[in-house]
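> My structure file start-v5.txt, compact mmCIF, C-alpha atoms (C1' of nucleotides) and all ligand atoms, is below:
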# COMPACT_ATOMS: atom_id res chain seq x y z
CA MET U 9 19.85 45.72 -44.74
CA VAL U 10 16.28 46.80 -44.27
CA SER U 11 14.24 44.15 -42.53
CA ILE U 12 10.69 43.43 -43.60
CA LYS U 13 9.02 43.14 -40.25
CA GLN U 14 9.88 44.36 -36.78
CA ALA U 15 6.74 44.87 -34.70
CA ALA U 16 4.92 42.02 -33.06
CA MET U 17 2.00 40.15 -34.51
CA LYS U 18 -1.08 40.87 -32.47
CA VAL U 19 -3.51 38.05 -31.93
CA LEU U 20 -6.04 40.20 -30.10
CA THR U 21 -6.97 43.57 -31.56
CA LYS U 22 -8.19 46.57 -29.60
CA ASN U 23 -11.76 45.54 -30.38
CA THR U 24 -11.41 42.30 -28.50
CA ASP U 25 -9.15 43.77 -25.86
CA TYR U 26 -11.58 46.56 -25.00
CA ALA U 27 -14.56 44.25 -25.21
CA ILE U 28 -13.03 41.94 -22.63
CA ARG U 29 -12.32 44.81 -20.30
CA ALA U 30 -15.84 46.16 -20.69
CA LEU U 31 -17.34 42.77 -20.00
CA LEU U 32 -15.22 42.41 -16.88
CA ALA U 33 -16.50 45.77 -15.74
CA LEU U 34 -20.09 44.68 -16.29
CA ALA U 35 -19.58 41.25 -14.83
CA SER U 36 -18.27 42.77 -11.63
CA LYS U 37 -21.53 44.68 -11.25
CA THR U 38 -24.22 42.24 -12.29
CA GLY U 39 -27.77 43.36 -11.72
CA SER U 40 -27.21 47.07 -12.18
CA TYR U 41 -26.88 49.16 -15.29
CA VAL U 42 -23.50 50.68 -15.94
CA SER U 43 -23.15 53.55 -18.39
CA ALA U 44 -20.76 53.48 -21.32
CA LYS U 45 -19.34 56.74 -20.08
CA SER U 46 -18.30 55.35 -16.72
CA ILE U 47 -16.77 52.25 -18.27
CA ALA U 48 -14.89 54.41 -20.74
CA THR U 49 -13.41 56.70 -18.13
CA GLU U 50 -12.69 54.03 -15.55
CA HIS U 51 -11.06 51.67 -17.98
CA ASP U 52 -9.49 54.14 -20.31
CA ILE U 53 -11.35 53.13 -23.43
CA PRO U 54 -12.26 55.68 -26.11
CA TYR U 55 -15.93 56.47 -25.48
CA GLN U 56 -17.38 56.24 -29.01
CA PHE U 57 -15.30 53.21 -29.79
CA LEU U 58 -16.63 51.49 -26.72
CA ARG U 59 -20.22 52.36 -27.62
CA ARG U 60 -19.89 50.48 -30.87
CA LEU U 61 -18.46 47.47 -29.14
CA LEU U 62 -21.27 47.46 -26.59
CA GLN U 63 -23.91 47.65 -29.30
CA GLU U 64 -22.30 44.76 -31.07
CA MET U 65 -22.34 42.72 -27.90
CA ILE U 66 -26.03 43.47 -27.47
CA ARG U 67 -26.65 42.09 -30.93
CA HIS U 68 -24.90 38.93 -29.84
CA ASN U 69 -26.95 38.75 -26.66
CA LEU U 70 -23.99 39.01 -24.34
CA ILE U 71 -25.38 42.11 -22.66
CA VAL U 72 -28.55 44.18 -22.53
CA SER U 73 -29.11 47.92 -22.34
CA LYS U 74 -31.53 50.44 -20.91
CA GLU U 75 -31.93 53.82 -22.53
CA GLY U 76 -32.33 57.19 -20.84
CA VAL U 77 -31.17 58.60 -17.55
CA GLN U 78 -29.83 55.94 -15.20
CA GLY U 79 -29.60 53.70 -18.20
CA GLY U 80 -26.61 51.73 -19.30
CA PHE U 81 -25.54 48.20 -19.94
CA MET U 82 -25.86 45.03 -17.95
CA MET U 83 -24.57 41.51 -18.24
CA GLN U 84 -26.99 39.13 -19.91
CA LYS U 85 -25.15 35.92 -20.71
CA ASP U 86 -23.48 33.96 -17.94
CA PRO U 87 -19.86 35.20 -17.76
CA ASP U 88 -18.68 31.62 -17.49
CA GLU U 89 -20.28 30.96 -20.84
CA ILE U 90 -18.52 33.82 -22.60
CA THR U 91 -15.24 32.61 -24.02
CA VAL U 92 -12.47 34.66 -25.55
CA THR U 93 -12.92 32.54 -28.67
CA GLU U 94 -16.46 33.85 -28.96
CA LEU U 95 -15.26 37.43 -28.61
CA ILE U 96 -12.53 36.93 -31.17
CA GLU U 97 -15.09 35.58 -33.57
CA ILE U 98 -17.36 38.53 -33.02
CA PHE U 99 -14.69 41.19 -33.34
CA GLN U 100 -12.03 39.66 -35.50
CA GLY U 101 -13.85 37.00 -37.42
CA LYS U 102 -13.37 33.25 -37.36
CA VAL U 103 -9.88 32.15 -36.50
CA GLN U 104 -8.36 30.99 -39.72
CA VAL U 105 -4.69 30.20 -39.95
CA SER U 106 -4.47 30.81 -43.66
CA GLU U 107 -6.71 30.75 -46.63
CA CYS U 108 -6.16 27.63 -48.58
CA MET U 109 -2.47 28.12 -48.97
CA PHE U 110 -0.58 26.29 -51.64
CA ARG U 111 -3.52 26.28 -53.94
CA LYS U 112 -3.29 25.42 -57.57
CA GLN U 113 0.16 24.06 -58.32
CA ILE U 114 1.44 22.43 -55.20
CA CYS U 115 -1.65 20.90 -53.75
CA GLY U 116 -3.31 18.47 -56.09
CA ASN U 117 -6.24 17.36 -54.06
CA ARG U 118 -7.85 19.60 -51.57
CA ALA U 119 -9.67 16.92 -49.69
CA ARG U 120 -6.51 14.93 -49.08
CA CYS U 121 -4.23 17.94 -48.64
CA VAL U 122 -1.93 17.32 -45.69
CA LEU U 123 -1.07 20.96 -45.34
CA ARG U 124 -4.67 21.74 -44.99
CA HIS U 125 -5.01 19.14 -42.28
CA GLU U 126 -2.01 20.50 -40.45
CA ILE U 127 -3.44 23.98 -40.64
CA MET U 128 -6.86 22.97 -39.50
CA ARG U 129 -5.37 21.09 -36.58
CA ILE U 130 -3.61 24.24 -35.42
CA GLU U 131 -6.73 26.31 -35.89
CA GLN U 132 -8.45 23.87 -33.58
CA VAL U 133 -5.73 24.14 -30.95
CA VAL U 134 -5.70 27.91 -30.98
CA GLN U 135 -9.44 28.04 -30.77
CA SER U 136 -9.76 25.56 -27.96
CA GLU U 137 -7.07 27.32 -25.93
CA PHE U 138 -9.00 30.57 -26.11
CA GLU U 139 -12.13 28.66 -25.30
CA LYS U 140 -10.74 27.75 -21.92
CA VAL U 141 -10.60 31.41 -20.99
CA THR U 142 -13.99 32.80 -20.02
CA ILE U 143 -14.98 36.19 -18.66
CA GLY U 144 -16.04 34.47 -15.48
CA LYS U 145 -12.65 32.89 -15.00
CA LEU U 146 -10.83 36.11 -15.73
CA LEU U 147 -12.98 37.97 -13.26
CA ARG U 148 -12.37 35.47 -10.47
CA ASP U 149 -8.67 35.49 -11.19
CA LEU U 150 -8.63 39.25 -11.14
CA GLU U 151 -10.48 39.45 -7.86
CA ALA U 152 -8.19 36.90 -6.30
CA ALA U 153 -5.15 38.89 -7.36
CA ASN U 154 -6.59 42.28 -6.47
CA PRO U 155 -8.74 41.46 -3.47
CA VAL U 156 -9.57 44.94 -2.24
CA LYS U 157 -11.26 46.65 -5.12
CA LEU U 158 -11.36 46.59 -8.84
CA SER U 159 -9.74 49.66 -10.34
CA SER U 160 -7.93 51.09 -7.35
CA THR U 161 -4.86 53.29 -7.83
CA PRO U 162 -4.00 53.77 -11.46
CA ILE U 163 -0.62 52.28 -12.12
CA THR U 164 1.15 53.12 -15.31
CA HIS U 165 3.06 50.35 -16.91
CA ASN U 166 3.64 48.71 -20.27
CA MET R 6 -27.87 46.33 -37.84
CA VAL R 7 -24.40 46.75 -39.28
CA SER R 8 -21.95 44.27 -37.90
CA ILE R 9 -18.43 45.30 -36.99
CA LYS R 10 -16.51 42.41 -38.39
CA GLN R 11 -17.29 39.85 -41.02
CA ALA R 12 -14.09 38.52 -42.61
CA ALA R 13 -11.87 35.96 -40.96
CA MET R 14 -8.89 36.69 -38.81
CA LYS R 15 -5.77 35.57 -40.60
CA VAL R 16 -3.02 34.05 -38.54
CA LEU R 17 -0.63 33.67 -41.46
CA THR R 18 -0.16 36.61 -43.80
CA LYS R 19 0.82 36.36 -47.46
CA ASN R 20 4.42 36.97 -46.44
CA THR R 21 4.56 33.81 -44.42
CA ASP R 22 2.34 31.88 -46.78
CA TYR R 23 4.49 32.66 -49.81
CA ALA R 24 7.69 32.12 -47.86
CA ILE R 25 6.60 28.64 -46.92
CA ARG R 26 5.74 27.79 -50.50
CA ALA R 27 9.03 29.16 -51.74
CA LEU R 28 10.94 27.15 -49.17
CA LEU R 29 9.07 24.00 -50.14
CA ALA R 30 10.06 24.66 -53.74
CA LEU R 31 13.70 25.04 -52.77
CA ALA R 32 13.66 22.14 -50.37
CA SER R 33 12.40 19.86 -53.10
CA LYS R 34 15.43 20.74 -55.22
CA THR R 35 18.29 20.85 -52.76
CA GLY R 36 21.73 21.24 -54.26
CA SER R 37 20.72 23.26 -57.28
CA TYR R 38 19.99 26.93 -57.66
CA VAL R 39 16.41 27.83 -58.45
CA SER R 40 15.59 31.27 -59.84
CA ALA R 41 13.05 33.56 -58.27
CA LYS R 42 11.35 33.80 -61.60
CA SER R 43 10.71 30.09 -61.87
CA ILE R 44 9.44 29.88 -58.31
CA ALA R 45 7.19 32.84 -58.95
CA THR R 46 5.61 31.41 -62.07
CA GLU R 47 5.37 27.83 -60.86
CA HIS R 48 3.85 28.73 -57.56
CA ASP R 49 1.87 31.74 -58.55
CA ILE R 50 3.63 34.24 -56.33
CA PRO R 51 4.09 37.88 -57.42
CA TYR R 52 7.67 38.08 -58.63
CA GLN R 53 8.92 41.24 -56.91
CA PHE R 54 7.12 40.34 -53.74
CA LEU R 55 8.83 36.98 -53.73
CA ARG R 56 12.23 38.55 -54.31
CA ARG R 57 11.90 40.56 -51.12
CA LEU R 58 10.93 37.48 -49.17
CA LEU R 59 13.86 35.54 -50.54
CA GLN R 60 16.29 38.31 -49.63
CA GLU R 61 14.90 38.39 -46.15
CA MET R 62 15.38 34.65 -45.81
CA ILE R 63 18.97 35.04 -46.93
CA ARG R 64 19.52 37.53 -44.14
CA HIS R 65 18.21 34.94 -41.75
CA ASN R 66 20.47 32.27 -43.22
CA LEU R 67 17.67 30.01 -44.31
CA ILE R 68 18.81 30.08 -47.92
CA VAL R 69 21.73 31.26 -50.05
CA SER R 70 21.88 32.83 -53.46
CA LYS R 71 24.08 32.99 -56.54
CA GLU R 72 23.99 36.00 -58.81
CA GLY R 73 24.10 36.08 -62.59
CA VAL R 74 23.01 33.69 -65.27
CA GLN R 75 22.13 30.25 -63.92
CA GLY R 76 21.98 31.86 -60.52
CA GLY R 77 19.16 31.61 -58.07
CA PHE R 78 18.45 30.47 -54.57
CA MET R 79 19.26 27.30 -52.72
CA MET R 80 18.35 25.81 -49.37
CA GLN R 81 20.91 26.48 -46.66
CA LYS R 82 19.37 25.52 -43.34
CA ASP R 83 18.13 21.99 -42.76
CA PRO R 84 14.42 22.00 -43.70
CA ASP R 85 13.69 20.00 -40.57
CA GLU R 86 15.11 22.85 -38.55
CA ILE R 87 12.93 25.51 -40.14
CA THR R 88 9.72 25.86 -38.18
CA VAL R 89 6.65 27.84 -39.10
CA THR R 90 7.14 29.68 -35.82
CA GLU R 91 10.48 30.92 -37.08
CA LEU R 92 8.91 32.09 -40.33
CA ILE R 93 6.10 33.83 -38.52
CA GLU R 94 8.62 35.64 -36.38
CA ILE R 95 10.60 36.74 -39.41
CA PHE R 96 7.64 37.94 -41.42
CA GLN R 97 5.01 38.88 -38.88
CA GLY R 98 6.98 39.58 -35.76
CA LYS R 99 6.93 37.76 -32.45
CA VAL R 100 3.64 36.13 -31.66
CA GLN R 101 2.03 38.28 -29.03
CA VAL R 102 -1.52 37.70 -27.98
CA SER R 103 -2.06 41.25 -26.79
CA GLU R 104 -0.02 44.10 -25.52
CA CYS R 105 -0.36 44.36 -21.83
CA MET R 106 -4.10 44.53 -21.85
CA PHE R 107 -5.98 45.82 -18.85
CA ARG R 108 -3.23 48.22 -17.96
CA LYS R 109 -3.63 51.00 -15.49
CA GLN R 110 -6.92 50.64 -13.71
CA ILE R 111 -7.82 47.00 -13.68
CA CYS R 112 -4.50 45.38 -13.21
CA GLY R 113 -2.78 46.51 -10.05
CA ASN R 114 0.39 44.54 -10.18
CA ARG R 115 1.94 43.57 -13.40
CA ALA R 116 4.17 40.88 -12.00
CA ARG R 117 1.29 39.06 -10.33
CA CYS R 118 -1.26 39.80 -13.04
CA VAL R 119 -3.25 36.64 -13.73
CA LEU R 120 -4.48 37.89 -17.05
CA ARG R 121 -0.95 38.34 -18.14
CA HIS R 122 -0.14 34.79 -17.12
CA GLU R 123 -3.13 33.46 -18.97
CA ILE R 124 -2.11 35.38 -22.05
CA MET R 125 1.48 34.29 -21.92
CA ARG R 126 0.41 30.69 -21.52
CA ILE R 127 -1.62 30.89 -24.70
CA GLU R 128 1.21 32.60 -26.51
CA GLN R 129 3.34 29.64 -25.57
CA VAL R 130 0.81 27.13 -26.81
CA VAL R 131 0.35 28.85 -30.14
CA GLN R 132 4.05 29.15 -30.61
CA SER R 133 4.82 25.57 -29.75
CA GLU R 134 2.10 24.28 -32.03
CA PHE R 135 3.63 26.11 -34.96
CA GLU R 136 7.01 24.86 -33.87
CA LYS R 137 5.95 21.30 -34.55
CA VAL R 138 5.46 22.13 -38.20
CA THR R 139 8.72 22.27 -40.12
CA ILE R 140 9.41 22.73 -43.80
CA GLY R 141 10.87 19.24 -43.83
CA LYS R 142 7.72 17.72 -42.42
CA LEU R 143 5.50 19.64 -44.80
CA LEU R 144 7.58 18.53 -47.74
CA ARG R 145 7.44 14.86 -46.78
CA ASP R 146 3.71 15.10 -46.20
CA LEU R 147 3.26 16.75 -49.54
CA GLU R 148 5.29 14.16 -51.36
CA ALA R 149 3.41 11.37 -49.67
CA ALA R 150 0.09 12.88 -50.71
CA ASN R 151 1.21 13.80 -54.21
CA PRO R 152 3.61 10.99 -54.99
CA VAL R 153 4.13 11.53 -58.70
CA LYS R 154 5.42 15.03 -59.03
CA LEU R 155 5.31 18.33 -57.27
CA SER R 156 3.27 20.85 -59.22
CA SER R 157 1.63 18.66 -61.78
CA THR R 158 -1.67 19.71 -63.34
CA PRO R 159 -2.82 23.04 -62.03
CA ILE R 160 -6.10 22.60 -60.23
CA THR R 161 -8.13 25.64 -59.39
CA HIS R 162 -9.83 25.60 -56.08
CA ASN R 163 -10.40 27.83 -53.06
C1' DT A 15 -43.18 68.88 -18.76
C1' DA A 16 -38.55 70.37 -19.73
C1' DT A 17 -34.12 68.88 -19.38
C1' DA A 18 -30.08 66.33 -18.98
C1' DA A 19 -28.27 61.74 -19.01
C1' DC A 20 -28.47 58.15 -21.47
C1' DT A 21 -28.52 54.56 -25.75
C1' DG A 22 -29.41 53.55 -31.12
C1' DA A 23 -27.72 54.07 -35.46
C1' DT A 24 -24.50 55.22 -38.63
C1' DA A 25 -21.28 58.02 -41.26
C1' DC A 26 -16.86 59.71 -41.28
C1' DT A 27 -11.63 60.32 -40.74
C1' DA A 28 -6.92 58.93 -39.56
C1' DT A 29 -3.37 55.66 -39.13
C1' DA A 30 -1.08 51.35 -39.70
C1' DT A 31 -0.42 47.14 -41.95
C1' DT A 32 -0.37 44.28 -45.78
C1' DG A 33 0.14 43.36 -50.47
C1' DG A 34 2.22 44.48 -54.66
C1' DT A 35 5.32 47.32 -58.34
C1' DA A 36 9.13 49.60 -60.25
C1' DT A 37 13.87 50.80 -60.91
C1' DC A 38 18.61 50.51 -61.36
C1' DA A 39 23.10 48.76 -60.20
C1' DA A 40 26.09 44.64 -59.88
C1' DT A 41 27.26 39.90 -61.15
C1' DT A 42 28.15 36.01 -64.13
C1' DA A 43 27.53 32.03 -67.59
C1' DA A 44 27.63 31.44 -72.20
C1' DT D 14 29.19 41.42 -75.07
C1' DT D 15 24.88 40.28 -73.63
C1' DA D 16 21.03 38.32 -71.40
C1' DA D 17 19.74 36.19 -67.16
C1' DT D 18 20.06 36.69 -62.92
C1' DT D 19 20.31 38.78 -57.74
C1' DG D 20 21.05 43.20 -54.43
C1' DA D 21 19.07 47.07 -52.73
C1' DT D 22 15.58 50.11 -52.06
C1' DA D 23 11.90 53.31 -53.04
C1' DC D 24 7.33 53.60 -54.13
C1' DC D 25 2.25 52.80 -54.59
C1' DA D 26 -2.36 50.52 -53.67
C1' DA D 27 -5.61 48.13 -50.95
C1' DT D 28 -7.31 46.83 -46.74
C1' DA D 29 -7.83 46.67 -41.86
C1' DT D 30 -7.66 48.83 -37.53
C1' DA D 31 -8.44 52.60 -34.51
C1' DG D 32 -10.81 56.46 -33.32
C1' DT D 33 -14.36 60.61 -33.87
C1' DA D 34 -18.64 62.96 -34.82
C1' DT D 35 -23.51 63.60 -35.26
C1' DC D 36 -28.21 63.34 -34.55
C1' DA D 37 -32.41 61.03 -33.27
C1' DG D 38 -34.90 58.63 -29.65
C1' DT D 39 -35.74 57.30 -24.64
C1' DT D 40 -36.40 58.06 -19.77
C1' DA D 41 -35.65 59.41 -14.75
C1' DT D 42 -36.28 63.25 -12.19
C1' DA D 43 -36.40 68.02 -10.80
S1 LIG U 201 -3.60 24.01 -49.97
FE1 LIG U 201 -5.43 24.15 -50.92
S2 LIG U 201 -6.07 22.26 -50.44
FE2 LIG U 201 -4.09 22.01 -49.98
S1 LIG U 202 -2.63 43.65 -17.74
FE1 LIG U 202 -0.87 44.74 -17.55
S2 LIG U 202 -0.03 43.53 -16.15
FE2 LIG U 202 -1.96 42.82 -16.02
As a first step, turn the structure in this file into C-alpha cells.

Amino acid sequence: MVSIKQAAMKVLTKNTDYAIRALLALASKTGSYVSAKSIATEHDIPYQFLRRLLQEMIRHNLIVSKEGVQGGFMMQKDPDEITVTELIEIFQGKVQVSECMFRKQICGNRARCVLRHEIMRIEQVVQSEFEKVTIGKLLRDLEAANPVKLSSTPITHN
Amino acid sequence: MVSIKQAAMKVLTKNTDYAIRALLALASKTGSYVSAKSIATEHDIPYQFLRRLLQEMIRHNLIVSKEGVQGGFMMQKDPDEITVTELIEIFQGKVQVSECMFRKQICGNRARCVLRHEIMRIEQVVQSEFEKVTIGKLLRDLEAANPVKLSSTPITHN
DNA sequence: TATAACTGATACTATATTGGTATCAATTAA
DNA sequence: TTAATTGATACCAATATAGTATCAGTTATA
C-alpha cells in the first residue's frame, strides 16, 4: 500500500515567506537603507535568492534602493498597506482554487456553473483572509511579543 | 525587467480535481459499479492516472471496487460526508500555510509567536471553508443546474 | 581617484512536485 | 476459455520551486 501523498500542501512558498521576513526587517528600520547582505545573514535567507526578491519588490514599488557603499533597501509603501495577499500575488500568482474544473462533459454552462461559483466564493474567502494580514500588523504583533529587540538570541526550532 | 512569477497559484491540483469529478460520477450512479475506463472517457481524465486516484480512495474507504468483467467502482461513504478538505488532505497533504516561518532570529518564542497564531488561524479558515463543500452538495448543485442529464453535449470552454 | 561595498540584471543549476504512462498479475462474468 | 476488469507498482516527463553564479554599474570614503 503505497500512498500517493504524504507531505503537507504549502500555501506560502519560500518566495513569499522570505519576502515577508525581509519586509519586516525593513519596516523595523524605516528611514535608513539596509543592505541585502545584512538582511540575509540576520534572517537566514540565501543571499542571491533574497536579492531577486528585493528587486521584484522594487518593481512593485513596495521598497526603494540606493546603490553603492552605504546603499541598500528601504521601505517605500506604508507597511499597513502591504497585505500578504499582495505578496502572494507577486510571488505565487493570483490565488486560484482550480482552473475551470469539470470542463466539457459535466458542466454544461460556464456562466451558470455552480461549481464555479462555489470555487470563486472560496477564492474570495482565502484572499480576504490574507488581506487582513499586513506587514504593519505583523510587525506590531512581533514587537509586542518580543519587546526587547528584534532578532535577539537565535533559537532553533521547527 | 523579468518578473519572477506570472502563472496563478493553484490551490487544487489535478489529483484533487480529478478525484472530485470521479466521485461525482460515482455518486450519480450509486448502487452500481462503474468502470475506471468509462469514467476516464466520459470525464476526460487520463485512464492510468485515474486508476491510481481510485485505488487511493479505496484505501481511504471512500469507495469500493469489484474486480473482473462488469466490475468497477462504487460509492461507499455517504457523499454528504465527503468534504473537499478530506480530498485535499488525501491528495495534497494537510493544508499548511507555511512551515514555521520566521524561525530562529525573528521569532523568540514559538509558543507565544503571534505570526504562528495568525498563520494557524488562516489555516483553520481555509480548511473550514473547504469543509463546507461536500460531494453530495456539489452533486445536488450540479443536477439543479443541469437538470436533464449529467454529461450531455460536450461543450468546450476554458 | 582607487577601491570596496553595494545594487541591477540575468543566466544557470539542482531539487521537488505534479502530471502522466506502462506493465503484469489476479479476478470474474459470460 | 477469454475478454473485461481491478491490484500493485515502477517508470518517465513536465513544471515549479529553490538556490547559485557572474558581471556590469554606482557611490561613499579613505
Ligand atoms: S467547471 Fe467549467 S464552468 Fe463549470
Ligand atoms: S515563526 Fe516559528 S514560532 Fe514563530
> Check the smallest atom-to-atom distance from each of U:Leu32, U:Asn23, U:Ser11, U:Val103 to U:Asp149 using all atoms listed in the file, then report the winner.
U:Leu32
> Which residues are near stretch 21-38 of chain A? Cut-off 7 Å, all atoms listed in the file, ignore same chain within fewer than 2 positions. Put them as a PDB file with C-alpha atoms, in the frame of the given file.

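Result file follows (selection-v2.pdb):
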ATOM      1  CA  GLU U  75     -31.930  53.820 -22.530  1.00  0.00           C
ATOM      2  CA  GLY U  76     -32.330  57.190 -20.840  1.00  0.00           C
TER       3      GLY U  76
ATOM      4  CA  PHE R  54       7.120  40.340 -53.740  1.00  0.00           C
TER       5      PHE R  54
END
> Just the residues within 9 Å of U:Leu147, please, counting all atoms listed in the file, with nothing from its chain fewer than 6 positions along; format it as a PyMOL selection string.
chain U and resi 32-33+35-36+87
> Which residues are close to stretch 16-29 of chain D, i.e. within 12 Å by only C-alpha atoms (C1' of nucleotides), leaving aside same-chain residues fewer than 6 positions away? Reply as a ChimeraX atom specification.
/U:9-12,21,100 /R:9-15,38-43,53,56-57,59-61,63-64,69-78 /A:29-44
> What does the distance between atom CA of R:Thr46 and atom CA of R:Asp85 come to in Å, to one decimal place?
25.6 Å
> What is the distance between atom CA of R:Met80 and atom CA of R:Ile68, in Å to one decimal?
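Between atom CA of R:Met80 and atom CA of R:Ile68 the gap works out to 4.5 Å.
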> Go ahead and compute the interatomic distance for atom CA of R:Glu128 and atom CA of R:Thr88, in Å to one decimal.
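Between atom CA of R:Glu128 and atom CA of R:Thr88 the gap is 15.9 Å.
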> Write out, as a tab-separated table, each residue of chain D that has an atom at most 10 Å from chain U, together with the closest pair of atoms and their distance in Å to one decimal, counting all atoms listed in the file, rows going by chain and rising number.

residue	atom	partner	partner_atom	distance
D:DA21	C1'	U:Met9	CA	8.1
D:DT22	C1'	U:Val10	CA	8.5
D:DT30	C1'	U:Thr21	CA	8.0
D:DA31	C1'	U:Lys22	CA	7.8
D:DG32	C1'	U:Phe57	CA	6.6
D:DT33	C1'	U:Gln56	CA	7.2
D:DA34	C1'	U:Gln56	CA	9.0
D:DG38	C1'	U:Glu75	CA	9.1
D:DT39	C1'	U:Gly76	CA	5.1
D:DT40	C1'	U:Gly76	CA	4.3
D:DA41	C1'	U:Val77	CA	5.3
D:DT42	C1'	U:Val77	CA	8.7
> Using only C-alpha atoms (C1' of nucleotides), can you tell me which of R:Leu17, R:Leu28, R:Ala149, R:Val138 comes closest to chain A?
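Closest to chain A, using only C-alpha atoms (C1' of nucleotides): R:Leu17.
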> Do a neighbour search on U:Leu61 at 9 Å with only C-alpha atoms (C1' of nucleotides), toss out local chain neighbours closer than 6 positions, and write the hits as a PyMOL selection string.
(chain U and resi 23-24+26-27+30+99) or (chain R and resi 9)
> Give as JSON, numbers by chain every residue of chain A that touches chain U within 8 Å, counting only C-alpha atoms (C1' of nucleotides).
{"A": [18, 19, 20, 21]}
> Counting all atoms listed in the file, figure out which residue out of U:Lys85, U:Lys37, U:His68, U:Lys102 gets nearest to chain R.
U:Lys102
